[in-house]
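Student: What follows is start-v3.cif, mmCIF, C-alpha atoms and all ligand atoms.
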```cif
data_coords
loop_
_atom_site.group_PDB
_atom_site.id
_atom_site.type_symbol
_atom_site.label_atom_id
_atom_site.label_comp_id
_atom_site.auth_asym_id
_atom_site.auth_seq_id
_atom_site.Cartn_x
_atom_site.Cartn_y
_atom_site.Cartn_z
ATOM 1 C CA MET A 1 -21.453 27.905 17.177
ATOM 2 C CA PHE A 2 -20.759 28.652 13.499
ATOM 3 C CA ILE A 3 -17.289 29.911 12.731
ATOM 4 C CA THR A 4 -16.323 31.519 9.445
ATOM 5 C CA ARG A 5 -12.531 31.495 9.933
ATOM 6 C CA HIS A 6 -10.144 29.110 11.648
ATOM 7 C CA LEU A 7 -9.288 29.597 15.287
ATOM 8 C CA TYR A 8 -5.550 28.967 15.555
ATOM 9 C CA LEU A 9 -4.040 28.175 18.946
ATOM 10 C CA THR A 10 -0.348 29.015 19.002
ATOM 11 C CA GLY A 11 2.257 28.838 21.739
ATOM 12 C CA PHE A 12 5.080 26.792 23.144
ATOM 13 C CA ARG A 13 4.694 23.088 23.971
ATOM 14 C CA GLY A 14 3.136 22.595 27.370
ATOM 15 C CA THR A 15 0.845 25.607 27.153
ATOM 16 C CA GLY A 16 -2.232 23.389 26.801
ATOM 17 C CA LYS A 17 -3.111 24.014 23.137
ATOM 18 C CA THR A 18 -4.441 20.498 22.533
ATOM 19 C CA SER A 19 -6.455 20.297 25.785
ATOM 20 C CA VAL A 20 -7.891 23.786 25.313
ATOM 21 C CA ALA A 21 -8.790 22.978 21.690
ATOM 22 C CA ALA A 22 -10.717 19.917 22.924
ATOM 23 C CA ARG A 23 -12.715 22.063 25.417
ATOM 24 C CA LEU A 24 -13.517 24.668 22.766
ATOM 25 C CA SER A 25 -14.502 21.957 20.330
ATOM 26 C CA ALA A 26 -16.944 20.480 22.860
ATOM 27 C CA ALA A 27 -18.363 23.876 23.799
ATOM 28 C CA TRP A 28 -18.876 25.094 20.248
ATOM 29 C CA ALA A 29 -19.446 21.766 18.450
ATOM 30 C CA VAL A 30 -16.714 22.737 15.994
ATOM 31 C CA ALA A 31 -14.124 20.228 14.767
ATOM 32 C CA THR A 32 -10.598 20.444 16.103
ATOM 33 C CA ILE A 33 -7.443 19.662 14.153
ATOM 34 C CA ASP A 34 -4.053 19.028 15.716
ATOM 35 C CA LEU A 35 -1.416 19.939 13.135
ATOM 36 C CA ASP A 36 1.124 17.503 14.629
ATOM 37 C CA ASP A 37 -1.420 14.681 14.160
ATOM 38 C CA VAL A 38 -1.966 15.690 10.527
ATOM 39 C CA ILE A 39 1.801 15.667 9.907
ATOM 40 C CA GLU A 40 2.121 12.188 11.450
ATOM 41 C CA THR A 41 -0.832 10.805 9.485
ATOM 42 C CA ASN A 42 0.430 12.236 6.189
ATOM 43 C CA ALA A 43 3.943 10.902 6.751
ATOM 44 C CA GLY A 44 2.855 7.581 8.263
ATOM 45 C CA LYS A 45 5.550 8.216 10.906
ATOM 46 C CA SER A 46 5.771 9.688 14.376
ATOM 47 C CA ILE A 47 7.228 13.170 14.885
ATOM 48 C CA ARG A 48 10.224 11.558 16.509
ATOM 49 C CA GLU A 49 10.781 9.315 13.438
ATOM 50 C CA ILE A 50 10.409 12.283 11.070
ATOM 51 C CA PHE A 51 13.060 14.202 13.011
ATOM 52 C CA SER A 52 15.432 11.260 13.178
ATOM 53 C CA SER A 53 15.137 10.400 9.468
ATOM 54 C CA GLY A 54 15.107 13.909 7.935
ATOM 55 C CA GLY A 55 16.019 16.350 10.684
ATOM 56 C CA GLU A 56 14.173 19.471 11.766
ATOM 57 C CA SER A 57 14.136 21.101 8.298
ATOM 58 C CA HIS A 58 12.329 18.098 6.809
ATOM 59 C CA PHE A 59 9.820 18.245 9.668
ATOM 60 C CA ARG A 60 9.303 21.984 8.999
ATOM 61 C CA ASP A 61 8.639 21.256 5.292
ATOM 62 C CA LEU A 62 5.995 18.688 6.218
ATOM 63 C CA GLU A 63 4.543 21.139 8.743
ATOM 64 C CA THR A 64 4.152 23.865 6.096
ATOM 65 C CA GLU A 65 2.637 21.386 3.646
ATOM 66 C CA ALA A 66 0.107 20.193 6.262
ATOM 67 C CA LEU A 67 -0.718 23.770 7.266
ATOM 68 C CA ARG A 68 -1.445 24.764 3.656
ATOM 69 C CA VAL A 69 -4.023 21.983 3.359
ATOM 70 C CA VAL A 70 -5.592 22.649 6.780
ATOM 71 C CA ALA A 71 -5.727 26.426 6.159
ATOM 72 C CA ALA A 72 -7.595 25.850 2.892
ATOM 73 C CA GLY A 73 -10.114 23.526 4.552
ATOM 74 C CA LYS A 74 -13.307 23.970 6.549
ATOM 75 C CA PRO A 75 -13.023 26.511 9.406
ATOM 76 C CA SER A 76 -11.857 24.588 12.488
ATOM 77 C CA ILE A 77 -10.088 24.963 15.800
ATOM 78 C CA VAL A 78 -6.475 24.315 14.863
ATOM 79 C CA SER A 79 -3.860 23.476 17.441
ATOM 80 C CA LEU A 80 -0.467 24.385 15.952
ATOM 81 C CA GLY A 81 2.892 22.892 16.905
ATOM 82 C CA GLY A 82 5.065 25.210 18.978
ATOM 83 C CA GLY A 83 7.388 25.926 16.053
ATOM 84 C CA ALA A 84 4.748 26.465 13.381
ATOM 85 C CA ILE A 85 5.194 30.239 13.622
ATOM 86 C CA LEU A 86 8.918 30.060 12.799
ATOM 87 C CA ARG A 87 8.432 30.344 9.028
ATOM 88 C CA ALA A 88 7.196 33.636 7.591
ATOM 89 C CA GLU A 89 5.108 31.691 5.076
ATOM 90 C CA ASN A 90 3.247 29.927 7.887
ATOM 91 C CA ARG A 91 2.742 33.178 9.795
ATOM 92 C CA GLU A 92 1.216 34.792 6.696
ATOM 93 C CA LEU A 93 -1.007 31.798 6.104
ATOM 94 C CA ILE A 94 -2.473 31.775 9.607
ATOM 95 C CA GLU A 95 -2.917 35.540 9.637
ATOM 96 C CA SER A 96 -4.859 35.496 6.377
ATOM 97 C CA THR A 97 -7.087 32.526 7.227
ATOM 98 C CA GLY A 98 -7.985 32.806 10.895
ATOM 99 C CA ILE A 99 -7.976 34.337 14.338
ATOM 100 C CA ARG A 100 -4.773 33.618 16.258
ATOM 101 C CA VAL A 101 -4.755 33.067 19.995
ATOM 102 C CA TRP A 102 -1.370 32.763 21.696
ATOM 103 C CA LEU A 103 -1.388 30.567 24.795
ATOM 104 C CA ASP A 104 1.508 31.718 26.912
ATOM 105 C CA ALA A 105 3.039 30.644 30.230
ATOM 106 C CA THR A 106 6.224 31.415 32.104
ATOM 107 C CA PRO A 107 9.232 29.256 31.145
ATOM 108 C CA GLU A 108 9.286 27.945 34.733
ATOM 109 C CA GLU A 109 5.699 26.745 34.514
ATOM 110 C CA ILE A 110 6.304 25.193 31.091
ATOM 111 C CA CYS A 111 9.328 23.331 32.474
ATOM 112 C CA ASP A 112 7.245 22.018 35.371
ATOM 113 C CA ARG A 113 4.421 20.890 33.068
ATOM 114 C CA VAL A 114 6.698 19.288 30.473
ATOM 115 C CA LEU A 115 8.890 17.543 33.043
ATOM 116 C CA ALA A 116 5.829 16.264 34.912
ATOM 117 C CA ASP A 117 4.338 14.645 31.804
ATOM 118 C CA ALA A 118 6.529 11.940 30.272
ATOM 119 C CA SER A 119 4.293 11.653 27.179
ATOM 120 C CA THR A 120 5.057 15.290 26.278
ATOM 121 C CA THR A 121 8.763 14.515 26.265
ATOM 122 C CA GLU A 122 8.371 11.207 24.429
ATOM 123 C CA ARG A 123 6.508 12.763 21.543
ATOM 124 C CA ARG A 124 8.756 15.807 21.063
ATOM 125 C CA PRO A 125 12.373 15.262 20.093
ATOM 126 C CA ALA A 126 14.951 17.647 21.519
ATOM 127 C CA LEU A 127 15.625 20.613 19.221
ATOM 128 C CA THR A 128 19.004 21.521 20.734
ATOM 129 C CA GLU A 129 21.905 19.895 22.550
ATOM 130 C CA LEU A 130 20.826 21.642 25.738
ATOM 131 C CA SER A 131 19.161 20.069 28.754
ATOM 132 C CA GLN A 132 15.388 20.150 28.524
ATOM 133 C CA ARG A 133 15.111 22.980 31.043
ATOM 134 C CA GLU A 134 17.729 25.085 29.247
ATOM 135 C CA GLU A 135 16.178 24.349 25.854
ATOM 136 C CA ILE A 136 12.779 25.573 27.036
ATOM 137 C CA HIS A 137 14.257 28.820 28.368
ATOM 138 C CA ARG A 138 16.390 29.368 25.249
ATOM 139 C CA LEU A 139 13.657 28.642 22.676
ATOM 140 C CA MET A 140 11.028 30.623 24.516
ATOM 141 C CA ALA A 141 13.336 33.633 24.604
ATOM 142 C CA GLN A 142 14.083 33.200 20.882
ATOM 143 C CA ARG A 143 10.432 32.751 19.896
ATOM 144 C CA ARG A 144 8.676 35.234 22.166
ATOM 145 C CA ASP A 145 8.645 38.038 19.578
ATOM 146 C CA LEU A 146 7.325 35.700 16.892
ATOM 147 C CA TYR A 147 4.500 34.458 19.119
ATOM 148 C CA GLN A 148 3.700 38.073 19.905
ATOM 149 C CA ALA A 149 3.759 39.089 16.239
ATOM 150 C CA SER A 150 1.571 36.091 15.312
ATOM 151 C CA ALA A 151 -1.199 36.779 17.809
ATOM 152 C CA ASP A 152 -4.539 38.554 17.675
ATOM 153 C CA HIS A 153 -5.093 37.637 21.326
ATOM 154 C CA HIS A 154 -2.721 36.740 24.154
ATOM 155 C CA VAL A 155 -3.851 34.465 26.999
ATOM 156 C CA ASP A 156 -1.531 33.832 29.937
ATOM 157 C CA THR A 157 -2.168 30.274 31.112
ATOM 158 C CA THR A 158 0.214 30.413 34.073
ATOM 159 C CA GLY A 159 -1.476 28.955 37.142
ATOM 160 C CA LYS A 160 -4.765 28.406 35.275
ATOM 161 C CA SER A 161 -6.772 25.243 34.623
ATOM 162 C CA VAL A 162 -7.750 24.123 31.115
ATOM 163 C CA ASP A 163 -11.348 25.221 31.818
ATOM 164 C CA GLU A 164 -10.227 28.679 32.918
ATOM 165 C CA VAL A 165 -8.056 29.087 29.825
ATOM 166 C CA ALA A 166 -10.821 27.857 27.499
ATOM 167 C CA LYS A 167 -13.177 30.423 29.066
ATOM 168 C CA LEU A 168 -10.638 33.225 28.537
ATOM 169 C CA VAL A 169 -10.201 32.208 24.900
ATOM 170 C CA MET A 170 -13.972 32.206 24.355
ATOM 171 C CA GLU A 171 -14.232 35.672 25.892
ATOM 172 C CA ALA A 172 -11.342 36.951 23.766
ATOM 173 C CA VAL A 173 -12.533 35.890 20.321
HETATM 174 C C1 LIG B 201 7.753 21.704 18.264
HETATM 175 C C2 LIG B 201 6.613 21.475 18.989
HETATM 176 C C3 LIG B 201 5.818 20.244 18.842
HETATM 177 C C4 LIG B 201 6.058 19.555 17.497
HETATM 178 C C5 LIG B 201 7.524 19.405 17.249
HETATM 179 C C6 LIG B 201 8.271 20.745 17.249
HETATM 180 C C7 LIG B 201 8.493 22.974 18.466
HETATM 181 O O1 LIG B 201 4.428 20.564 18.953
HETATM 182 O O2 LIG B 201 5.462 20.264 16.452
HETATM 183 O O3 LIG B 201 8.053 18.539 18.220
HETATM 184 O O4 LIG B 201 9.319 23.341 17.621
HETATM 185 O O5 LIG B 201 8.231 23.658 19.493
HETATM 186 P P1 LIG B 201 3.687 20.966 20.343
HETATM 187 O O6 LIG B 201 3.836 22.436 20.539
HETATM 188 O O7 LIG B 201 2.273 20.572 20.109
HETATM 189 O O8 LIG B 201 4.353 20.197 21.414
#
```
Let me see whether you can do it: turn the structure in this file into structure tokens.
Ligand code: S3P
Tutor:
Amino acid sequence: MFITRHLYLTGFRGTGKTSVAARLSAAWAVATIDLDDVIETNAGKSIREIFSSGGESHFRDLETEALRVVAAGKPSIVSLGGGAILRAENRELIESTGIRVWLDATPEEICDRVLADASTTERRPALTELSQREEIHRLMAQRRDLYQASADHHVDTTGKSVDEVAKLVMEAV
């Protein structure tokens, strides 16, 4: 398939953005870009190291910088970090350069997925002093309106497999 604009996958961690992007990439033969990977490559550091050396605001600066470059590049399937929609500048950039699909799930399901997969926790530093379960509930409540406002399409992934979600995304766009 030939795409003329980016396809941005947004949503909280644990909603399957990276796995769904890989399925779409295979189905359409379109390149996929994981914004967290771009940030790590540019910085030569892991996300965890970026957070521990410069804090969240430094990470957000690198995220915006990476997004600017990706947004200006060849149309791709772009998997965004869960917090990439926090800055108005980023929201404007994705709205003007692509179609935005919000992968959603209930906080309970996200907790189950994140807690079941140690690699998810290892890669993402805590953003609050709260327990992981409380942090997920708190941040999802805080971000829900921003995900909503940054979406052309909403796909509820609760109880669905990666294949089912990829199919719903393909039908939606
Ligand atoms: C973050 C989500 C992570 C990563 C960073 C911050 C967030 O990406 O960008 O740890 O603020 O929700 P994923 O959504 O890919 O886990």
Student: Just say which residues the PyMOL selection byres (((chain A and resi 102-111) around 6) and not hetatm) picks in this file, as a PyMOL selection string.
Tutor: chain A and resi 9-11+14-15+101+112-115+133+137+151+154-158
Student: Counting all atoms listed in the file, which residues of chain A fall within 6 Å of ligand LIG 201 (chain B), and what is the closest atom pair for each with its distance in Å at one decimal, ordered by chain and rising number, as JSON lines?
Tutor:
```
{"residue": "A:Phe12", "atom": "CA", "partner": "B:LIG201", "partner_atom": "O6", "distance": 5.2}
{"residue": "A:Arg13", "atom": "CA", "partner": "B:LIG201", "partner_atom": "O6", "distance": 3.6}
{"residue": "A:Asp36", "atom": "CA", "partner": "B:LIG201", "partner_atom": "O2", "distance": 5.5}
{"residue": "A:Gly81", "atom": "CA", "partner": "B:LIG201", "partner_atom": "O1", "distance": 3.5}
{"residue": "A:Gly82", "atom": "CA", "partner": "B:LIG201", "partner_atom": "O6", "distance": 3.4}
{"residue": "A:Gly83", "atom": "CA", "partner": "B:LIG201", "partner_atom": "O4", "distance": 3.6}
{"residue": "A:Arg124", "atom": "CA", "partner": "B:LIG201", "partner_atom": "O3", "distance": 4.0}
{"residue": "A:Pro125", "atom": "CA", "partner": "B:LIG201", "partner_atom": "O3", "distance": 5.7}
```
Student: May I have the residues at most 6 Å from (-11.4, 35.1, 6.7) in the file's coordinates, counting all atoms listed in the file, as a PDB file with C-alpha atoms, keeping the file's coordinate frame?
Tutor:
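Once everything was written out, this is result_22.pdb:
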```pdb
ATOM      1  CA  ARG A   5     -12.531  31.495   9.933  1.00  0.00           C
ATOM      2  CA  THR A  97      -7.087  32.526   7.227  1.00  0.00           C
ATOM      3  CA  GLY A  98      -7.985  32.806  10.895  1.00  0.00           C
TER       4      GLY A  98
END
```
Student: With 5 Å of padding per side, what axis-aligned box (centre and edge lengths, Å, one decimal) covers all the listed atoms of range 69-84 of chain A? Give it as AutoDock Vina command-line options.
Tutor:
```
--center_x -3.0 --center_y 24.2 --center_z 10.9 --size_x 30.7 --size_y 14.5 --size_z 26.1
```
Student: What does the distance from CA of Ser19 in chain A to CA of Val162 in chain A come to in Å, to one decimal?
Tutor: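 That distance, rounded to one decimal, is 6.7 Å.
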Student: Between A:Ser53, A:Tyr147, A:Ile77, A:Ala88, single out the one closest to Arg23 in chain A, counting only C-alpha atoms.
Tutor: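 Using only C-alpha atoms, Arg23 in chain A sits closest to A:Ile77.
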Student: What's the 10 Å shell around range 57-74 of chain A, counting only C-alpha atoms, without same-chain residues fewer than 3 positions away, as a short mmCIF file (atom, residue, chain, number, x, y, z; two decimals) with C-alpha atoms, in the coordinates of the input?
Tutor:
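Result saved to out_18.cif:
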```
data_model
loop_
_atom_site.label_atom_id
_atom_site.label_comp_id
_atom_site.auth_asym_id
_atom_site.auth_seq_id
_atom_site.Cartn_x
_atom_site.Cartn_y
_atom_site.Cartn_z
CA ILE A 3 -17.29 29.91 12.73
CA THR A 4 -16.32 31.52 9.44
CA ARG A 5 -12.53 31.50 9.93
CA HIS A 6 -10.14 29.11 11.65
CA TYR A 8 -5.55 28.97 15.56
CA ALA A 31 -14.12 20.23 14.77
CA ILE A 33 -7.44 19.66 14.15
CA ASP A 34 -4.05 19.03 15.72
CA LEU A 35 -1.42 19.94 13.14
CA ASP A 36 1.12 17.50 14.63
CA ASP A 37 -1.42 14.68 14.16
CA VAL A 38 -1.97 15.69 10.53
CA ILE A 39 1.80 15.67 9.91
CA GLU A 40 2.12 12.19 11.45
CA THR A 41 -0.83 10.80 9.48
CA ASN A 42 0.43 12.24 6.19
CA ALA A 43 3.94 10.90 6.75
CA ILE A 47 7.23 13.17 14.88
CA ARG A 48 10.22 11.56 16.51
CA GLU A 49 10.78 9.32 13.44
CA ILE A 50 10.41 12.28 11.07
CA PHE A 51 13.06 14.20 13.01
CA SER A 52 15.43 11.26 13.18
CA SER A 53 15.14 10.40 9.47
CA GLY A 54 15.11 13.91 7.94
CA ILE A 77 -10.09 24.96 15.80
CA VAL A 78 -6.48 24.32 14.86
CA LEU A 80 -0.47 24.38 15.95
CA GLY A 81 2.89 22.89 16.90
CA GLY A 83 7.39 25.93 16.05
CA ALA A 84 4.75 26.46 13.38
CA ILE A 85 5.19 30.24 13.62
CA LEU A 86 8.92 30.06 12.80
CA ARG A 87 8.43 30.34 9.03
CA GLU A 89 5.11 31.69 5.08
CA ASN A 90 3.25 29.93 7.89
CA LEU A 93 -1.01 31.80 6.10
CA ILE A 94 -2.47 31.78 9.61
CA SER A 96 -4.86 35.50 6.38
CA THR A 97 -7.09 32.53 7.23
CA GLY A 98 -7.98 32.81 10.90
#
```
Student: Mind giving me the straight-line distance from CA of Trp28 in chain A to CA of Met1 in chain A in Å, one decimal?
Tutor: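 These atoms are spaced 4.9 Å apart.
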Student: Could you tell me how far CA of Ile99 in chain A lies from CA of Met140 in chain A, in Å and to one decimal?
Tutor: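 Here the two named atoms are 21.9 Å from each other.
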Student: For Val169 in chain A, which residue among A:Ala141, A:His153, A:Ala26, A:Glu95 is the nearest when counting all atoms listed in the file?
Tutor: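 With all atoms listed in the file as the atom set, the closest residue is A:His153.
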Student: I need the output of the PyMOL selection byres (((chain A and resi 127) around 10) and not hetatm) for this file as a list in words; which residues are they?
Tutor: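 Applying the expression gives Phe51, Gly55, Glu56, Arg124, Pro125, Ala126, Thr128, Glu129, Leu130, Gln132, Glu135, Ile136 and Leu139 of chain A.
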Student: Could you save the residues just selected, with C-alpha atoms, as a PDB file, keeping the file's coordinate frame?
Tutor:
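Result file follows (selection-v3.pdb):
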```pdb
ATOM      1  CA  PHE A  51      13.060  14.202  13.011  1.00  0.00           C
ATOM      2  CA  GLY A  55      16.019  16.350  10.684  1.00  0.00           C
ATOM      3  CA  GLU A  56      14.173  19.471  11.766  1.00  0.00           C
ATOM      4  CA  ARG A 124       8.756  15.807  21.063  1.00  0.00           C
ATOM      5  CA  PRO A 125      12.373  15.262  20.093  1.00  0.00           C
ATOM      6  CA  ALA A 126      14.951  17.647  21.519  1.00  0.00           C
ATOM      7  CA  THR A 128      19.004  21.521  20.734  1.00  0.00           C
ATOM      8  CA  GLU A 129      21.905  19.895  22.550  1.00  0.00           C
ATOM      9  CA  LEU A 130      20.826  21.642  25.738  1.00  0.00           C
ATOM     10  CA  GLN A 132      15.388  20.150  28.524  1.00  0.00           C
ATOM     11  CA  GLU A 135      16.178  24.349  25.854  1.00  0.00           C
ATOM     12  CA  ILE A 136      12.779  25.573  27.036  1.00  0.00           C
ATOM     13  CA  LEU A 139      13.657  28.642  22.676  1.00  0.00           C
TER      14      LEU A 139
END
```
Student: For Thr32 in chain A, find every residue with an atom within 9 Å (counting all atoms listed in the file), except residues of its own chain fewer than 2 positions away, and show them as a short mmCIF file (atom, residue, chain, number, x, y, z; two decimals) with C-alpha atoms, in the frame of the given file.
Tutor:
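For reference, selection_35.cif as written:
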```cif
data_model
loop_
_atom_site.label_atom_id
_atom_site.label_comp_id
_atom_site.auth_asym_id
_atom_site.auth_seq_id
_atom_site.Cartn_x
_atom_site.Cartn_y
_atom_site.Cartn_z
CA THR A 18 -4.44 20.50 22.53
CA ALA A 21 -8.79 22.98 21.69
CA ALA A 22 -10.72 19.92 22.92
CA LEU A 24 -13.52 24.67 22.77
CA SER A 25 -14.50 21.96 20.33
CA VAL A 30 -16.71 22.74 15.99
CA ASP A 34 -4.05 19.03 15.72
CA SER A 76 -11.86 24.59 12.49
CA ILE A 77 -10.09 24.96 15.80
CA VAL A 78 -6.48 24.32 14.86
CA SER A 79 -3.86 23.48 17.44
#
```
Student: Here is a test: counting all atoms listed in the file, which residue of A:Val173, A:Val165, A:Ala27, A:Ala116 is nearest to Leu7 in chain A?
Tutor: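 Result for the nearest residue to Leu7 in chain A: A:Val173.
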Student: Compare A:Ser150, A:Arg100, A:Lys45, A:Ser131 by their minimum atom-to-atom distance to Lys17 in chain A, counting all atoms listed in the file, and give me the closest one.
Tutor: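 Using all atoms listed in the file, Lys17 in chain A sits closest to A:Arg100.
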Student: Pick the closest to Glu164 in chain A from A:Val20, A:Ser46, A:Glu134, A:Ser119: which is it, counting all atoms listed in the file?
Tutor: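 Of the candidates, the smallest distance to Glu164 in chain A is held by A:Val20.
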